[in-house]
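Undergrad: Just passing along the structure, written as structure tokens.
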Amino acid sequence: MSPWRHYGGFVLAGVLALLTDALILHGLYTGLGLSPYLARLPAIACAMIVSWLINRTITFAATDPPSLREFAKFAAVSWFAQLINYVVFASILMAMPGISPLAALVTASLVAMFASYLGFRFGVFRST
């Protein structure tokens with residue numbers, strides 16, 4: 001597989017997952033009045049599914065059919081990376097109370113991106 005497709009797929013998965021996360025965060029935060037801390041939880045869960053589907057088909061071109069085991073490993077790596085993401089997100093909001101939650105989200109997501117890639121590459125899709 002070409003490096004362009006591999007890394008491009010990872011970037012595509014990340015961007016689409018980030019957009020999913022941001023749209024759901026924004027909708028729950030502004031539309032329903034949930035706190036940004038609470039709104040992130042369902043936003044992260046939906047973004048994780050988007051990321052798994054794109055990463056398995058494009059980034060790592062998995063040839064085995066999707067399985068519950070693969071998804072469980074992906075979910076474990078994703079939740080660990082999202083824990084990093086959430087801690088950075090919450091820390092930014094606490095350190096800079098006037099910052100937009102979306103700006104904190106983007107910054108936190110960039111930090112967590114590295115943990116995600118390493119976990120997916122060497123833990124979830126290592127045979128591809």
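To be explicit about the labels: the chains of the structure tokens are called A, B, and onward in the order shown, and within each one the residues are counted from 1, while ligands get numbers from 1 in the order they are shown.
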Show which residues sit within 9 Å of segment 52-56 of chain A, as a ChimeraX atom specification. Count only C-alpha atoms, and ignore same-chain residues fewer than 3 positions away.
TA: /A:6,9-10,12-14,16,47-49,59-63,66,71,74-75,78,120,125
Undergrad: Taking only C-alpha atoms into account, which of A:Leu18, A:Ala81, A:Val106, A:Ala90 comes nearest Leu38 of chain A?
TA: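 Looking at the shortest contact to Leu38 of chain A, the residue is A:Ala90.
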Undergrad: What gap, in Å, lies between atom CA of Ile44 of chain A and atom CA of Asp64 of chain A?
TA: 25.6 Å
Undergrad: Compile the contact shell of Leu41 of chain A as number ranges by chain: residues with an atom at most 10 Å away, counting only C-alpha atoms, same-chain residues fewer than 6 positions apart removed.
TA: A: 21, 24-25, 82, 86
Undergrad: Please provide the set of residues having any atom within 9 Å of Ala104 of chain A, restricted to only C-alpha atoms, with same-chain residues fewer than 5 positions apart removed, written as an mmCIF file with C-alpha atoms, in the first residue's frame.
TA:
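result_36.cif, written as the output of this step:
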data_model
loop_
_atom_site.group_PDB
_atom_site.id
_atom_site.type_symbol
_atom_site.label_atom_id
_atom_site.label_comp_id
_atom_site.auth_asym_id
_atom_site.auth_seq_id
_atom_site.Cartn_x
_atom_site.Cartn_y
_atom_site.Cartn_z
ATOM 1 C CA VAL A 88 -6.159 17.828 27.570
ATOM 2 C CA PHE A 89 -9.607 19.224 26.567
ATOM 3 C CA ALA A 90 -10.713 19.680 30.198
ATOM 4 C CA SER A 91 -7.335 21.107 31.199
ATOM 5 C CA ILE A 92 -7.528 23.720 28.452
ATOM 6 C CA LEU A 93 -11.076 24.694 29.465
ATOM 7 C CA ILE A 99 -11.797 29.644 25.230
ATOM 8 C CA SER A 109 -7.465 16.005 19.299
#
